[in-house]
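Inspection log for the structure reproduced underneath, given as structure tokens.
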Amino acid sequence: MSDNEGTLHFDPRIQDPDKLQGLSRRGFIGSMMAGAAGLAGASTLLSPVQEAEAAPLPDLPDTPDGGAAPDDEAYWEKVAAQFLLRDGVIYMNSGTRGISPLSVHKAQTEAVEAVNSDPAMCWSTYFFSGMDQIRKDMAGFVGADVEEIAFTNSTTDGMGLGFMGLDLKRGDEILTTNYDYGWVKNMMAFRAKRDGLEFKMVDISDPSFRMLEDPQKVIDVVESGITSKTRFLTICHINYTDGFIMPVKEICEMARSKGIITLIDGAQPPGMMKLDMQDLGCDMYAGPGHKYMLAAQHTGFLFLRNDAADRIRPLVYTGSPDPDRAIEGARKLEQRGSTSYSDRISIGAALDFHNRLNPEAIEARLRYLSLRLRRGLKEIDGVTVYSSDDPRMSMALVSFSVKDLNPSDIVGRLWYRNPNIYIRTVGAAGGFSGVRATLHVMDTAEQVDILIDRIAGLAA
Ligand SMILES: Cc1ncc(COP(=O)(O)O)c(C=O)c1O
């Protein structure tokens, strides 16, 4: 039996399972009628999950030892077929919102079903003990100790827990770059005003800083913003703007030598590239579950190094007040009442999905697709590509602009024609302004070529 058969259920009041089984997965236009009185408003269209059930998705392909080759299209197309995207959509915005493959979607929806049908069992066995294993898997996935992982609701949530909970005093300086995320900069500016801190931002917009020979210039610019009063530094691991992989390890080493605590904005890398917190050497690292990891919306994690844990105070704490039973380490930051356990359960399924494909093979595939995109775009007159071709400097984010075309127009023109291609606008304060495609395993080489052709059409 297919991996994907048998676990989703039709509602026989509305749908006729025999009829549904005969329909093609993608070709159904919607002729089903709501069958039962009192079900006004029931959809006459199949949901993507029902379509997938009517003609089950192909199984995830067997993965060769060490993972499939990056250009094994037959294999990666079967992987892409695990996603529930409707026909005609090319989704290249995992850097903003990831979408879950069917196995992850089902893990989440089955958990919702479980909590509503057998809540007592569910709380005691499924969620709490299940989460212990997921925490171990998550720690293994990012090269951390299990005690160093807190589950959060998003990257921003993790950044907030780390930064807003840090012990800082009036006059302390906090530092970031102009390529960092607006919400993070707002949070820093807000706390600086409230608590009398000095908020500083160094300018790394010079594109020559991000050339093969010059990551040292980025390190030097960041260092130039440090004074004897600097206590906190945050940078992106991968700039969400131009996709540059920041020299995080070197910057964290330099910061540590000056007694500065580091919080890395890891909105992009988890699920895109292999991570090792011990090797990166940061004090904190905030990541999402809902982008490249492909888990549910409203999921994320914060890595908090054991030896930095005492510096971070929980903003909300609902654990035991008894010092002997108080929750320590990263998990103290999770003690904030109820959460959506079904969303968190999806993290386990997402990690299984990645591990089954092999994280190194995913990374190699994304490098292959993004190199193909960059090369194709660079051949088009009037297109400027901002992301580097050097694998040490760039991964699956490809930012570019088209001469005389405003970025929002490019996004609109790609979306409002068939196939609908979903990318986004991006820019940096003091830097460039353009569009960004973020490639993942739901994207195929053929789709990358379609994007290149469409951009060539726009540029012409
Ligand atoms: C660099 C960066 N930081 C933070 C965020 C916000 O992430 P989240 O939606 O997980 O809060 C994003 C979102 O795209 C981002 O690119």
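Note on naming: chains are A, B, ... as they come in the structure tokens, residues start from 1 per chain, ligands start from 1 in the order shown.
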Collect all residues with atoms no farther than 10 Å from ligand 1, counting only C-alpha atoms and all ligand atoms, and output them as a ChimeraX atom specification. /A:93-98,152-160,179-185,235-241,243,264-269,286-291,297-301,426
Atoms to include: N, CA and C atoms. Write the selected residues as a short mmCIF file (atom, residue, chain, number, x, y, z; two decimals), in the first residue's frame.
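out.cif, written as the output of this step:
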data_model
loop_
_atom_site.label_atom_id
_atom_site.label_comp_id
_atom_site.auth_asym_id
_atom_site.auth_seq_id
_atom_site.Cartn_x
_atom_site.Cartn_y
_atom_site.Cartn_z
N ASN A 93 8.79 30.64 -2.59
CA ASN A 93 8.86 31.59 -1.48
C ASN A 93 8.92 30.88 -0.13
N SER A 94 9.66 29.76 -0.08
CA SER A 94 9.80 29.06 1.20
C SER A 94 10.55 29.91 2.21
N GLY A 95 11.28 30.92 1.75
CA GLY A 95 12.01 31.81 2.66
C GLY A 95 11.07 32.69 3.47
N THR A 96 9.82 32.81 3.03
CA THR A 96 8.84 33.56 3.83
C THR A 96 7.94 32.59 4.58
N ARG A 97 7.32 31.69 3.84
CA ARG A 97 6.46 30.66 4.43
C ARG A 97 6.77 29.35 3.74
N GLY A 98 7.10 28.35 4.53
CA GLY A 98 7.25 27.02 3.92
C GLY A 98 5.88 26.39 3.80
N THR A 152 9.48 27.41 20.04
CA THR A 152 8.88 28.75 19.99
C THR A 152 7.81 28.77 18.90
N ASN A 153 7.28 29.93 18.64
CA ASN A 153 6.22 30.03 17.62
C ASN A 153 6.70 30.52 16.27
N SER A 154 7.91 31.04 16.21
CA SER A 154 8.44 31.58 14.95
C SER A 154 9.87 32.06 15.21
N THR A 155 10.53 32.48 14.16
CA THR A 155 11.86 33.08 14.33
C THR A 155 11.75 34.32 15.22
N THR A 156 10.79 35.16 14.90
CA THR A 156 10.65 36.42 15.63
C THR A 156 10.41 36.17 17.12
N ASP A 157 9.60 35.17 17.40
CA ASP A 157 9.32 34.81 18.79
C ASP A 157 10.63 34.44 19.49
N GLY A 158 11.45 33.62 18.83
CA GLY A 158 12.73 33.22 19.42
C GLY A 158 13.67 34.41 19.58
N MET A 159 13.68 35.30 18.59
CA MET A 159 14.53 36.49 18.68
C MET A 159 14.08 37.33 19.88
N GLY A 160 12.76 37.42 20.04
CA GLY A 160 12.21 38.21 21.15
C GLY A 160 12.56 37.60 22.49
N TYR A 179 21.35 45.05 6.98
CA TYR A 179 20.74 43.97 6.21
C TYR A 179 19.90 43.06 7.09
N ASP A 180 19.76 43.40 8.34
CA ASP A 180 18.95 42.54 9.22
C ASP A 180 17.47 42.86 9.10
N TYR A 181 16.67 41.98 9.69
CA TYR A 181 15.22 42.02 9.44
C TYR A 181 14.55 43.17 10.18
N GLY A 182 13.59 43.78 9.50
CA GLY A 182 12.91 44.96 10.05
C GLY A 182 12.31 44.73 11.43
N TRP A 183 11.66 43.60 11.63
CA TRP A 183 11.01 43.35 12.92
C TRP A 183 12.06 43.28 14.04
N VAL A 184 13.22 42.72 13.70
CA VAL A 184 14.28 42.59 14.71
C VAL A 184 14.84 43.98 15.03
N LYS A 185 15.04 44.77 13.97
CA LYS A 185 15.56 46.12 14.20
C LYS A 185 14.55 46.95 15.01
N ILE A 235 23.10 39.20 14.02
CA ILE A 235 23.21 39.24 12.55
C ILE A 235 22.37 38.08 12.02
N CYS A 236 22.04 38.17 10.73
CA CYS A 236 21.40 37.03 10.08
C CYS A 236 22.46 35.98 9.78
N HIS A 237 22.07 34.71 9.81
CA HIS A 237 22.99 33.68 9.34
C HIS A 237 23.08 33.76 7.81
N ILE A 238 21.90 33.81 7.18
CA ILE A 238 21.86 34.10 5.73
C ILE A 238 21.04 35.36 5.58
N ASN A 239 21.63 36.38 4.97
CA ASN A 239 20.86 37.62 4.77
C ASN A 239 19.64 37.32 3.93
N TYR A 240 18.47 37.71 4.44
CA TYR A 240 17.24 37.41 3.69
C TYR A 240 17.13 38.28 2.45
N THR A 241 17.99 39.27 2.35
CA THR A 241 17.98 40.22 1.24
C THR A 241 18.67 39.64 0.00
N GLY A 243 20.84 36.95 0.11
CA GLY A 243 21.18 35.53 0.26
C GLY A 243 22.62 35.28 0.70
N ILE A 264 21.82 34.82 16.73
CA ILE A 264 21.79 34.73 15.27
C ILE A 264 20.36 34.59 14.79
N ASP A 265 20.01 35.40 13.80
CA ASP A 265 18.70 35.29 13.16
C ASP A 265 18.81 34.21 12.09
N GLY A 266 18.30 33.03 12.44
CA GLY A 266 18.40 31.88 11.53
C GLY A 266 17.08 31.63 10.82
N ALA A 267 16.45 32.68 10.31
CA ALA A 267 15.14 32.50 9.67
C ALA A 267 15.25 31.59 8.43
N GLN A 268 16.37 31.63 7.74
CA GLN A 268 16.44 30.91 6.47
C GLN A 268 17.10 29.52 6.55
N PRO A 269 18.23 29.35 7.23
CA PRO A 269 19.00 28.11 7.04
C PRO A 269 18.38 26.78 7.53
N ALA A 286 17.93 31.69 16.66
CA ALA A 286 16.47 31.56 16.54
C ALA A 286 16.12 31.12 15.12
N GLY A 287 15.30 30.08 15.03
CA GLY A 287 14.90 29.60 13.70
C GLY A 287 13.41 29.32 13.66
N PRO A 288 12.85 29.23 12.46
CA PRO A 288 11.44 28.89 12.30
C PRO A 288 11.29 27.40 12.04
N GLY A 289 10.10 26.85 12.36
CA GLY A 289 9.80 25.52 11.85
C GLY A 289 9.09 25.64 10.52
N HIS A 290 8.50 26.83 10.29
CA HIS A 290 7.52 26.96 9.21
C HIS A 290 8.10 27.43 7.88
N LYS A 291 9.42 27.57 7.78
CA LYS A 291 9.98 27.97 6.48
C LYS A 291 10.63 26.74 5.84
N GLN A 297 2.75 26.19 10.31
CA GLN A 297 2.86 27.60 10.69
C GLN A 297 2.85 27.65 12.22
N HIS A 298 3.41 28.73 12.78
CA HIS A 298 3.39 28.91 14.23
C HIS A 298 4.31 27.91 14.94
N THR A 299 5.43 27.60 14.30
CA THR A 299 6.43 26.74 14.96
C THR A 299 7.81 27.36 14.80
N GLY A 300 8.69 27.04 15.73
CA GLY A 300 10.05 27.54 15.65
C GLY A 300 10.86 27.02 16.83
N PHE A 301 12.11 27.43 16.90
CA PHE A 301 12.95 26.98 18.02
C PHE A 301 13.94 28.07 18.36
N VAL A 426 12.15 42.22 -2.33
CA VAL A 426 13.08 42.25 -1.19
C VAL A 426 14.01 43.45 -1.36
#
Would you please give, as a PyMOL selection string, all residues of region 37-224 of chain A that DSSP assigns to alpha helix (DSSP H) based on the backbone? chain A and resi 48-54+73-80+102-117+119-121+128-142+155-164+182-195+215-224
Considering only C-alpha atoms, give me a table of residues in region 180-297 of chain A that are at most 12 Å from region 328-336 of chain A, with the closest atom pair and distance in Å for each, as a tab-separated table.
residue	atom	partner	partner_atom	distance
A:Asp283	CA	A:Ala330	CA	11.4
A:Met284	CA	A:Ala330	CA	9.8
A:Tyr285	CA	A:Ala330	CA	11.4
A:Ala286	CA	A:Ala330	CA	11.8
Can you pull out the residues contacting region 271-280 of chain A? Cut-off 9 Å, using only C-alpha atoms, and skip same-chain residues under 3 positions away; I want them as a ChimeraX atom specification. /A:140-145,248-250,252-253,268,283-285,289,291-294,303,305,351,354,359-360,362-364,366,395-396,440
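Reported to one decimal place, the separation of CA of Asn355 (chain A) from CA of Met246 (chain A) is 25.5 Å.
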Rank nothing, just name the residue among A:Val89, A:Arg367, A:Asn116, A:Val146 nearest to Ile423 (chain A), using only C-alpha atoms.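 Counting only C-alpha atoms, the residue closest to Ile423 (chain A) is A:Val89.
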Using only C-alpha atoms, which residue out of A:Cys122, A:Lys169, A:Asp449, A:Arg231 lies closest to Leu369 (chain A)? A:Asp449
